[in-house]
Each structure stands twice: as structure tokens, then as C-alpha cells.
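These notes are about the structure you will find just below.
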Amino acid sequence: MIIDHLDDPLPGSSLRPTPTGAAYTDREVFAREQADIFEKMWNCVLRADAISSPGEWKKVTVGREELIVVRTRKAGVKAYYNVCRHRGMRVCTGDEGKAKKLQCGYHAWTYALEGELVAAPNLTAMPDVDREEYGLKPVHVRQWLGYVWVCLAGGDSTAEPPDFDTEVLGEVRTRFGQVESIDNYGIENLKLGQTKTYDVAANWKLIIENFMECYHCATIHPELTEVIPEFADGLASQRKNGEVHGSSFGEDIQGFTVDGSAGVAALPAIAPNQDRKYYAITVKPQVFINTVPDHVIIHRMFPVSEQRTIVVCDWLFLPEVIEGVAEGRYDISKSVELFHRVNLQDFEACELTQPSMSSTAYARGGALVPSEHHIEEFHTWWQSTLALLESAEMHQVRVG
Amino acid sequence: MIIDHLDDPLPGSSLRPTPTGAAYTDREVFAREQADIFEKMWNCVLRADAISSPGEWKKVTVGREELIVVRTRKAGVKAYYNVCRHRGMRVCTGDEGKAKKLQCGYHAWTYALEGELVAAPNLTAMPDVDREEYGLKPVHVRQWLGYVWVCLAGGDSTAEPPDFDTEVLGEVRTRFGQVESIDNYGIENLKLGQTKTYDVAANWKLIIENFMECYHCATIHPELTEVIPEFADGLASQRKNGEVHGSSFGEDIQGFTVDGSAGVAALPAIAPNQDRKYYAITVKPQVFINTVPDHVIIHRMFPVSEQRTIVVCDWLFLPEVIEGVAEGRYDISKSVELFHRVNLQDFEACELTQPSMSSTAYARGGALVPSEHHIEEFHTWWQSTLALLESAEMHQVRVG
Amino acid sequence: MIIDHLDDPLPGSSLRPTPTGAAYTDREVFAREQADIFEKMWNCVLRADAISSPGEWKKVTVGREELIVVRTRKAGVKAYYNVCRHRGMRVCTGDEGKAKKLQCGYHAWTYALEGELVAAPNLTAMPDVDREEYGLKPVHVRQWLGYVWVCLAGGDSTAEPPDFDTEVLGEVRTRFGQVESIDNYGIENLKLGQTKTYDVAANWKLIIENFMECYHCATIHPELTEVIPEFADGLASQRKNGEVHGSSFGEDIQGFTVDGSAGVAALPAIAPNQDRKYYAITVKPQVFINTVPDHVIIHRMFPVSEQRTIVVCDWLFLPEVIEGVAEGRYDISKSVELFHRVNLQDFEACELTQPSMSSTAYARGGALVPSEHHIEEFHTWWQSTLALLESAEMHQVRVG
């Protein structure tokens with residue numbers, strides 16, 4: 001019932017309905033979202049260059065699982081559940097490290113970077129222990145845009161994840177548009193200029209919904225609407241009349257910075273219609289990509305509970321810009337400050353919305369104005385994803 | 001079952017039973033109390049003079065709902081759910097403020113003090129949006145004793161709340177007694193001398209039960225029993241043999257103060273049998289009214305969870321006394337100190353009782369001595385209130 | 001299902017299975033463990049000499065209940081639920097005290113040290129109140145090894161607890177072995193040299209399992225394996241080929257101390273095969289007993305939640321050693337330091353294991369190597385204890 005009333009008309013207007021408040025507060029709904037969305041889809045978890053040499057690993061969280069992402073000797077990247085196959089202790093402790101092998105600190109069960117069990121006390125006395133079977137449990141891994149993407153579908157890598165090439169990569173390219181190709185930005189070759197982590201006391205869907213509309217821009221984003229005046233009209237930067245549409249900088253604006261002053265060196269391969277423009281897309285379920293001529297901003301979301309979400313935001317620049325910052329030739333602080341303020345403004349709005357979700361005054365949900373149509377599409381996707389899974393589960397029960 | 005064994009006799013005595021421990025610890029019971037008691041009955045939430053000029057508003061909590069109480073231009077008082085009708089954000093932030101209109105900080109939907117939607121970005125492009133239908137959701141409001149009382153019954157003001165004149169006002173006057181009329185104290189014209197807020201780690205029912213008997217007075221209230229010696233006998237101040245009965249000050253006591261010294265200027269209209277007397281009544285579900293010749297003490301309870309309750313206590317005096325305090329002619333500190341100590345003593349007892357409620361040694365509840373008969377009446381009311389609603393719900397299910 | 005798959009074979013090896021991760025994270029399972037294990041079996045709660053003279057009492061927690069353990073005038077020890085029979089307030093506040101009678105601080109209901117109700121305001125006006133029936137609710141008490149053991153079985157002392165002489169005392173003596181008799185250590189006459197309390201963020205079963213195997217010793221206990229070299233081979237100190245087996249000190253080790261230096265005065269009655277040996281046994285559900293020639297270490301566990309356990313560890317020595325410490329003739333710090341480090345090392349491992357219990361990678365549990373056979377016996381006991389009770393409950397439902 002919680003996920004099932006989007007087709008009911010709203011009284012007293014032609015505005016479109018939202019999910020009920022319970023969709024943002026119910027623990028069962030959140031558990032299903034973790035299981036059926038975050039633990040089944042591709043998640044962008046890490047800059048690939050954060051683990052640059054063999055044996056470097058980092059811990060990440062996807063859905064309710066803690067994973068180790070490690071660079072192997074063959075320069076590939078693998079990811080495993082951080083769970084020893086013997087008695088379950090966390091194999092890696094701390095947030096990151098570098099090791100030739102991954103050894104559990106409890107009974108010294110030892111795994112190769114490629115995952116298989118290679119040593120354990122008295123292991124030779126247990127010859128029937130299959131080294132692959134008792135290897136670390138892997139998850140699916142891909143790299144794109146310079147990031148590591150993982151998918152937990154099926155619980156191990158023998159199960160089929162959603163097809164990355166069509167579901168993520170193709171979908172993003174299509175939505176971004178052929179001419180405005182995201183490839184022009186060369187994101188996989190950019191370097192991290194700044195990263196900021198936000199601990200947001202709001203449901204992950206409120207954060208996505210906020211990102212999908214600009215009806216709020218005039219009210220809460222004074223700096224952003226100064227730089228991109230058309231945002232003051234409340235229209236988001238994505239499609240318009242079926243065509244991709246970047247949002248133009250104001251006439252007197254020199255760059256995408258907090259005060260409209262010039263930015264840094266532009267990305268060399270961008271097309272003319274990408275100059276002086278801001279583009280933004282959402283890659284469901286947890287990534288936002290924002291591009292401007294001289295940098296790219298990428299948000300990754302990690303839902304913690306029905307009312308708490310960690311958001312990590314990266315600002316990416318050309319390698320020569322990052323080098324230039326160290327040498328004092330470039331200053332990215334004004335570039336970073338603009339979207340940092342936007343983030344703080346947005347997340348405060350989300351945090352002030354979350355508590356209302358449990359009010360009886362929101363028991364039937366809220367209303368979407370016409371310029372919030374992207375949100376409606378998101379709600380439809382969300383509803384059908386959970387409903388499909390629900391019906392599949394019911395089917396399983398019936399035939400099982 | 002939790003609410004249903006008050007008629008079972010106790011073994012080994014003629015003492016009367018209490019509800020089981022689970023009535024004070026069970027989350028489901030508490031949720032039903034919030035829904036069926038606090039969100040259906042009249043709640044005393046605010047001194048009316050705390051919002052004295054048009055546009056002044058304060059936030060209050062009733063049951064599980066956050067409300068805005070605002071003084072309108074026509075000098076009336078209105079109360080609304082603090083939930084924007086668009087996407088749900090808290091319309092008012094902070095605890096209080098003053099505004100010509102109530103504007104949501106997310107998308108600038110703007111409401112008149114009287115509630116209707118009066119402005120929003122692009123609203124003229126959405127002509128079918130009904131300004132009343134999309135106004136702030138109101139709750140019922142009344143004023144009495146200088147306080148704002150609200151009732152959430154029905155979820156909006158078109159549903160009928162319990163009749164204030166009979167259920168609250170009439171009931172209080174009757175219980176207080178004709179001769180000892182509460183009206184003599186002129187409470188609506190008194191001014192706030194002091195307010196104290198107590199965060200009590202106990203179920204709200206323990207706080208009411210504590211207030212309803214004086215069997216504990218000799219043990220925990222040395223100052224109070226010094227001022228009112230008959231409390232040392234363990235009898236509460238309310239009815240006795242069917243007649244209202246104020247509790248007399250001790251012979252050498254000059255006023256209702258922490259050391260029995262003289263108080264301040266007496267309330268002019270009190271009757272002879274109200275002089276040198278203390279009266280107290282409980283207005284279910286969340287108000288205690290205490291009167292003495294020179295001031296009135298009013299407690300409002302706000303249950304937060306099954307084991308936590310906020311209690312706000314006001315000490316009210318004549319306007320000239322409050323003025324005199326500022327000018328150094330009057331000192332109310334000894335008056336305030338007496339009941340402040342009583343509060344601290346009572347709430348400590350409640351907090352030391354709460355953890356036992358989950359013990360198997362209290363699984364069948366406790367026992368009431370004869371002088372605790374008011375508590376038994378409260379338990380009977382509580383049981384029948386929840387049971388009636390339970391049977392109504394069952395009926396709904398059967399016929400629905 | 002959670003407690004029911006220990007007989008399923010593991011794939012890819014002949015290793016033995018453990019319970020599923022849910023057994024360590026599920027609140028319902030934990031509630032059943034509290035009710036059916038900790039609140040039904042004998043718990044070791046307190047050094048008897050901690051309450052040495054009549055009227056001295058201490059608070060302890062068993063399962064979900066707070067108890068008062070008090071020494072009575074006849075030099076016996078009694079234990080009661082800390083719940084007043086009137087309205088339930090905690091009778092004793094604070095952690096310990098001394099009193100001639102136990103008086104509730106709310107309404108002054110007063111109980112003899114032996115439990116019966118002896119006084120209350122207006123009690124003479126309530127002649128039908130049975131003083132025994134309204135006495136403090138007792139629990140079963142025994143003393144052994146200088147400790148007070150309590151059992152809540154049946155909820156009051158008229159119900160039959162498990163037989164202490166066979167279930168605890170006899171079981172411990174048998175498992176310790178006739179020749180190596182635990183009695184030789186004279187534990188009941190030892191004195192407390194040091195006590196340390198550990199607040200461990202792990203399920204109680206992980207702590208028991210850790211104590212039952214030494215497969216981890218080489219990895220995490222450098223000091224212990226220095227003192228007892230055979231522990232480096234991963235074999236625990238208990239039975240071996242059906243025979244009791246103490247673990248020998250290393251050749252150059254002088255005592256059971258953190259650096260292998262000499263300990264203090266040996267316990268006079270130990271047998272030759274107890275010299276230079278370490279013995280350890282688990283007394284289910286919450287006691288570990290460790291003996292070495294000059295002291296005894298006793299752990300008591302108090303589960304708080306499915307993921308939190310308080311462990312109290314006592315180091316016991318001869319009375320003359322304790323006297324000597326005060327006079328500077330003896331130093332027990334190196335003796336205490338050895339097992340304190342072992343405790344910290346073990347509990348860190350347990351805390352790093354707990355979070356994995358909720359991973360899908362541990363949904364089917366882990367694997368036990370052959371030297372962890374004690375754990376398998378523990379799991380079998382745990383499963384059958386909960387299952388038996390489950391089937392008894394089902395039977396009750398069927399016939400009730």
C-alpha cells in the first residue's frame with residue numbers, strides 16, 4: 001500500500017501525487033530498497049586511482065554490506081565482502097591499507113589479492129578444504145569514468161548483474177545526448193581536486209528528488225542562480241521538449257565559481273555547445289554527474305537508514321590543474337565553494353523535509369508541480385522496481 | 001491483554017490491581033495512546049500571551065505532530081500542522097518567530113496567517129490549484145485559562161473534536177466544585193512568573209498517577225508536608241466523601257512557599273474557603289492545575305516515548321506581582337522553589353519506577369492502597385478509552 | 001530456521017558448520033536466550049565477600065532483571081527482584097549499600113532483609129495484606145567457589161531451579177577431572193586481587209566460542225603463547241583424547257605472568273600435575289574458570305543486547321598475597337597484566353567479528369576446523385536448548 005497510490009488523482013488540482021510519507025520513514029520499505037535496489041544495481045563506490053598500486057585496498061559500503069575493493073597484481077580491481085570464510089571476522093580493519101595478501105587477524109586465514117584461500121594454520125591437515133570455495137566472496141566489478149562500480153546482484157559473481165553496458169553506460173550516454181557527449185569531458189582522466197562528505201539526516205529519495213528539480217533554486221541557491229540565471233525560473237538543466245539542454249551561464253559570468261569569476265583551464269575536448277554550460281544527470285540509484293567546461297562534480301550516495309544518507313562529492317579537474325594548485329598557479333577554491341554551498345543548501349532543505357514525512361498531514365504524500373516532472377518519472381521507476389520485485393516474490397511463494 | 005486485567009482480584013489482600021508493567025513499556029500501547037488519547041483529545045499547549053501580536057507564532061508538539069500556533073490579524077489564534085502542502089518541508093523553522101505570511105523555505109509556497117495558499121512560484125500558471133485545499137492543514141483551537149488548547153481529532157478542522165465546553169471546561173468546573181469555583185482565581189488574567197521544563201525518563205501515566213495520590217508525600221516531600229501537614233497522612237487534596245476539599249496550610253504557615261514564609265499579593269476574588277488552602281485537579285490527558293491563594297501552578301505534559309515525557313510547569317501570579325518583581329517590590333522565588341522541589345522529588349520517583357515496569361516481578365502490575373482510589377479511576381478511564389477504540393476498530397474491520 | 005541448520009553439510013570441505021549469522025544479530029533470538037538460558041539457568045553474579053556483614057547489599061543484573069543480593073542477619077545470602085510490591089519503584093538505588101531493612105523510597109514500604117513486608121504507612125489499616133505474599137520477590141541462591149550464584153527459574157523461589165549440585169558443581173568437577181580436582185585450588189578461600197570490567201560490542205556466544213578454542217592463540221596472543229608454547233599449535237587446554245589435560249608452561253617460564261617472570265605464593269593444596277599448568281573450563285552459560293598454580297581467574301558474562309556483553313574478570317590470590325600486596329611484599333601486577341592483555345586481544349577479535357554476522361556473506365554461517373570441536377559441542381547444546389524449549393512451547397500451545 002505504501003508504494004502503491006501514485007495513480008490516485010489529487011483533490012483540488014491537476015498536480016501530480018508523490019509517494020506517501022511512509023515511503024520515507026518505514027523501516028521495511030528501506031530494507032526492501034537496500035535489498036532490491038542498492039544490493040541489486042550497479043553502485044559507484046570509489047575513484048579507481050584511490051587504489052593505484054597492487055595490494056592497495058579501501059573499504060566501501062554498498063547497501064548493508066561492507067566490502068573491500070583491492071587492486072590486484074594484474075592491475076585489475078576486485079571487490080569482496082569483508083568477511084572471513086572461517087568464523088566471519090572482518091578481514092581488513094581500518095579504512096584502507098596495502099598488503100601482499102589479505103590476512104584475517106583472528107586465525108590468520110590468508111587470501112590472495114585475487115581472492116582464493118592460500119594459507120591457514122593447519123590447512124595442510126585439512127586437505128579437503130577447497131581453496132576457491134573458501135576464498136573471499138567476490139562481487140561484480142566494473143570501471144568507468146575513472147570510478148570503480150560494483151554490483152552485489154546474486155550474492156556472488158557467478159550470478160548475473162544488470163548489464164553494465166546498457167543499464168549504466170549506454171543509459172547515461174543516451175540521456176546526456178549524442179552531441180553533448182559525456183565522453184568529451186574525458187572524466188576518466190581527470191584528477192580529484194577536492195572531496196567532501198556530507199552526513200545528511202534525510203531519506204535518500206529526498207536527496208534525489210531535490211537534485212531532479214530546480215523549482216527550489218530561486219529560493220535557496222542565490223549563488224547558483226547568479227551564475228546560471230535561467231535556474232531562477234525553476235527549470236532543471238536536463239531535457240526540454242525532448243532535447244538535451246545545458247543551462248547557460250549568465251552574460252557577465254566568467255566561470256562556474258562562487259562569485260562568477262573565471263575558473264581554471266577548460267577541458268580540451270568539449271564541444272562548442274558544452275562551453276559556458278552546466279549539465280546534470282542522475283544515474284540511479286546513487287550517482288549525480290554535473291559537468292561544466294572546466295570541471296566535473298560527481299556525487300555518490302550511501303543510504304544508511306530510512307532517515308540518514310551519506311553523500312560524498314568529488315570535484316574533478318585536469319591533471320595539470322591539480323598540479324598547478326600545488327604549485328600555486330591555479331586556485332580551485334572558488335570552483336569548489338559554489339557547489340559546496342549548493343550541497344549545504346540542498347541538504348538542509350532535505351533535512352527539514354524528512355521530519356514531516358511522518359506527519360499525518362503528509363500521510364497521503366505531497367504534490368508535484370509541472371516543472372518537477374523528472375521526480376514523477378523517478379517515483380514511477382521506484383514504484384515499479386519495488387512492485388515488480390514484490391510480484392516476483394509473490395510468484396516465488398506461489399510456485400515455490 | 002495488556003490493557004485488560006484490571007478486574008482480576010489480587011492474591012493475599014483486598015488491594016486493587018494496576019495495569020501490567022507492559023502498559024508502561026510497550027511501544028504499541030504507547031502508539032495507541034498517542035493516536036487515541038493525545039491526538040484525539042484537547043491538549044493545553046501554550047500561554048496565549050506567548051503569541052501576543054499578529055504574526056507571532058510558536059511551535060508546539062501534540063502527540064507525534066509538530067504544530068505551528070499563530071496569532072492572526074483578527075486577533076484570533078490558529079494552529080496548523082507544520083508541513084508544507086507541496087513537498088512537505090517544515091514551513092516554520094526554529095521554535096518561534098513573527099511573520100506577515102508563513103512561507104516555506106524550500107520552494108517559497110506562501111500561506112496567509114489564516115492558512116490559505118496565497119503565493120507560490122509559477123502559481124498563476126497552475127490556475128486549477130485550489131487555494132483553500134492547498135492551505136496549511138488546520139487543527140481545532142480554543143482558548144481557556146489564558147492558554148491555547150488544540151485538538152487534532154479527525155486530522156482536520158472539519159471533523160468534530162470532543163466538545164470543549166462539556167469535556168474540558170464543564171468537567172473542570174464540576175470537579176473543582178461550585179463554591180470553590182476555579183473561576184475565582186481569574187487564571188486567564190494572570191501572568192507568567194516562572195516556567196520550568198523537566199525532561200522525565202518515565203511513562204506519562206506514572207506522572208499522572210504520582211500526581212493523583214499523596215500517599216508518597218510523607219516520604220518524599222518534606223517541604224510540602226511542612227506547609228500542608230495533612231499531606232503527611234497520605235490523603236490527596238481532591239474529593240473526600242464526595243465533597244471537594246482543599247488542603248489547609250499548617251497553623252504557623254504564612255504562605256505557600258518553600259519555608260512557609262509569606263507569599264505575595266493574594267488573588268482578589270478568591271472565596272473564604274479558598275484562603276490558606278491548596279487545590280489540585282488533573283485535566284486528562286495532560287494538564288495539572290494547582291491553586292493557592294496567591295498563585296496558580298499549571299503543568300502541561302508532552303509524552304515523547306513510552307519511557308520519556310516532557311513536563312512544562314508554569315507559575316502564574318497577578319500582573320502587579322510580576323511588575324513588582326521587576327521593580328524589586330515582590331519576590332516570587334520562594335513560591336516557585338516549593339513546587340519546583342516537589343516536581344523534582346516526584347519525577348525522580350517516577351524515573352526510579354519506570355525501569356521496574358519491564359521486570360517479570362511487575363508483569364502482573366502492582367497494588368493500590370485505598371487512598372490511591374483516584375489512580376484506580378484513572379486506570380479505569382484509560383482501559384475503557386483504549387478498549388472502546390479497540391472495539392470500534394474491530395467493528396470497522398468487520399463492517400468495512 | 002535460525003537455530004536449525006547445524007546438520008547441513010558444508011560445501012567443498014568436511015569442516016563443520018556454525019549457526020547462521022542471524023543467531024548473533026536477531027533480537028528475537030536474543031530475547032529467547034535471555035528468557036530460556038540466562039533467566040532459567042544458574043548465574044554466577046558476585047563474590048560472596050563483597051557483602052560481608054548483615055544488611056550489606058549489591059545490585060546485579062541477570063538476564064533482563066535487576067536484582068538485590070543482600071546478606072541477612074543469619075549470615076545467609078538472599079536475592080530479590082529490585083521491585084517494590086506496591087507500585088514497583090526500585091527499592092534499592094545506587095549500586096550497593098548497607099541497611100537494617102530494605103525500604104522503598106517512594107511510599108516507604110519496608111521489607112525485612114529476609115524479604116517479608118514489615119511496615120508501610122497505614123499498613124495497620126489494611127489488615128488483610130499478607131506480609132509474605134507482599135514481600136520482595138525472591139530468586140534462588142547458592143554459594144560456591146566464594147561466589148553467589150542465582151537462578152530465576154520459575155520467577156519465584158517456589159519453582160524448581162535446575163539442580164545446582166548436579167548441573168553446576170558436579171558438572172564442573174567432572175569436567176575438571178578427579179585428579180586435577182578444582183577443589184585443590186581452594187577457590188572459596190581466595191581473595192580478590194584485581195577486578196576488571198569489559199564492555200564488549202559483541203554477542204555473548206562469540207565470547208564463549210572465542211574462549212573455547214586456541215586456534216587463534218598464535219595470531220593474537222603473543223604473551224600467552226610465550227608462557228604456554230603449546231598454545232601456538234592451536235589446541236585448547238581442555239580435554240584431549242578424553243583425558244583432562246592442563247597446558248604446560250614453557251621451559252624457561254617461571255610463572256603465569258606477562259613476561260614469564262615468577263608469580264606469587266602458590267596455592268598450597270594443588271597436586272603435582274597442577275604445578276606449572278594452566279587449566280580452563282567454561283561453565284555455561286556465563287562463567288569461565290582459569291587456574292594456574294598461584295592464582296585463579298574467573299570471568300562472569302552479562303549479556304546486554306544481541307551485540308553487547310559486559311564481562312567482569314576477577315583475579316584471585318591467597319589471602320596472604322593480598323595482604324602482602326598492601327605491605328609491598330608481593331606484586332600481582334604482572335600476573336594480572338597477562339590475562340588482561342589476553343582479554344583485550346580476545347574481545348577485540350569478537351568486536352571485529354560481530355558486524356560480519358549481519359552480512360549475506362555469513363548468512364549460512366562460517367566453518368569450524370577440527371581443533372574447534374568444543375565450539376561445535378557448544379552450538380549443539382545451544383541449538384538443543386532453544387529447540388527443546390521451542391517444542392515445549394509448541395506442545396503447550398497445542399494442549400493449552
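By order of appearance in the C-alpha cells: chains A, B, ..., then residues from 1 within every chain, and ligands from 1 in the order shown.
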Proximity of chain B to chain C: per-residue shortest pair, 8 Å limit, only C-alpha atoms, as a Markdown table:
| residue | atom | partner | partner_atom | distance |
| --- | --- | --- | --- | --- |
| B:Pro11 | CA | C:Glu133 | CA | 7.7 |
| B:Gly12 | CA | C:Asp130 | CA | 5.2 |
| B:Ser13 | CA | C:Val129 | CA | 4.5 |
| B:Ser14 | CA | C:Asp128 | CA | 6.7 |
| B:Leu15 | CA | C:Val129 | CA | 7.6 |
| B:Tyr215 | CA | C:His107 | CA | 6.4 |
| B:His216 | CA | C:His107 | CA | 4.5 |
| B:Cys217 | CA | C:His107 | CA | 7.8 |
| B:Ala218 | CA | C:His107 | CA | 7.8 |
| B:Thr219 | CA | C:His107 | CA | 5.8 |
| B:Ile220 | CA | C:Tyr106 | CA | 6.6 |
| B:Ala349 | CA | C:Tyr106 | CA | 6.1 |
| B:Cys350 | CA | C:Met89 | CA | 7.8 |
| B:Leu352 | CA | C:Met89 | CA | 5.6 |
| B:Thr353 | CA | C:Met89 | CA | 3.8 |
| B:Gln354 | CA | C:Met89 | CA | 7.4 |
| B:Pro355 | CA | C:Arg90 | CA | 7.8 |
| B:Ser356 | CA | C:Gly88 | CA | 5.9 |
| B:Met357 | CA | C:Gly88 | CA | 7.0 |
| B:Ser359 | CA | C:Glu65 | CA | 6.0 |
| B:Thr360 | CA | C:Gly155 | CA | 7.3 |
| B:Ala361 | CA | C:Tyr81 | CA | 6.6 |
| B:Tyr362 | CA | C:Gly88 | CA | 6.7 |
| B:Gly365 | CA | C:Arg87 | CA | 7.8 |
| B:Gly366 | CA | C:Arg87 | CA | 5.0 |
| B:Ala367 | CA | C:His86 | CA | 5.0 |
| B:Leu368 | CA | C:His86 | CA | 6.8 |
Contact residues around C:Asp314 with only C-alpha atoms at 8 Å, ignoring same-chain residues under 2 positions, as a list in words: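 Counting only the stated atoms, we get Leu192, Gly193, Gln194, Thr195, Lys196, Ile297, Ile298, His299, Val312 and Leu316 of chain C.
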Take the residues from that selection and write them out as a tab-separated table (two decimals), in the first residue's frame, keeping C-alpha atoms.
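Final output, saved to out-v3.tsv:
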chain	number	residue	atom	x	y	z
C	192	LEU	CA	40.15	-10.67	45.16
C	193	GLY	CA	43.39	-9.09	43.95
C	194	GLN	CA	42.01	-7.23	40.98
C	195	THR	CA	38.76	-6.98	39.04
C	196	LYS	CA	38.29	-5.51	35.58
C	297	ILE	CA	40.96	-16.07	37.08
C	298	ILE	CA	37.17	-16.06	36.85
C	299	HIS	CA	35.13	-14.38	34.12
C	312	VAL	CA	33.74	-8.95	34.61
C	316	LEU	CA	42.00	-14.30	42.94
- prompt: Which one is closest to C:Val227: C:Tyr185, C:Phe339, C:Trp204, C:Trp315? Count only C-alpha atoms.
  reply: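 Result for the nearest residue to C:Val227: C:Phe339.
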- request: List the neighbours of B:Ile228 out to 7 Å using only C-alpha atoms; skip same-chain residues closer than 2 positions along the sequence, and give me the result as a list in words.
  value: Leu224, Thr225, Glu226, Glu230, Phe231, Ser247, Ser248, Phe249 and Gly250 of chain B
Next, the residues of the selection above should be written as an mmCIF file, in the first residue's frame with C-alpha atoms.
data_model
loop_
_atom_site.group_PDB
_atom_site.id
_atom_site.type_symbol
_atom_site.label_atom_id
_atom_site.label_comp_id
_atom_site.auth_asym_id
_atom_site.auth_seq_id
_atom_site.Cartn_x
_atom_site.Cartn_y
_atom_site.Cartn_z
ATOM 1 C CA LEU B 224 5.335 20.334 51.101
ATOM 2 C CA THR B 225 4.214 18.398 54.176
ATOM 3 C CA GLU B 226 5.652 21.158 56.368
ATOM 4 C CA GLU B 230 -2.403 16.894 56.419
ATOM 5 C CA PHE B 231 -0.474 15.626 53.377
ATOM 6 C CA SER B 247 -5.898 21.103 51.818
ATOM 7 C CA SER B 248 -5.214 23.525 54.632
ATOM 8 C CA PHE B 249 -1.945 25.270 55.356
ATOM 9 C CA GLY B 250 -0.364 24.489 58.746
#
query: A:Leu344: which residues within 12 Å, counting only C-alpha atoms, same-chain residues fewer than 6 positions away excluded, as a VMD selection string?
result: chain A and resid 196 to 200 207 220 to 221 311 313 337 to 338 350 to 351
- prompt: Using only C-alpha atoms, which of the listed residues (C:Gly255, C:Pro161, C:Pro222, C:Pro319) sits closest to C:Arg341?
  reply: C:Pro222
- request: From the DSSP assignment of the backbone, select every residue of stretch 155-232 of chain C that is strand (DSSP E), and format the answer as a list of chain:residue names.
  value: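 Those in stretch 155-232 of chain C that DSSP calls strand (DSSP E) are C:Lys191, C:Leu192, C:Gly193, C:Gln194, C:Thr195, C:Lys196, C:Thr197, C:Tyr198, C:Asp199, C:Val200.
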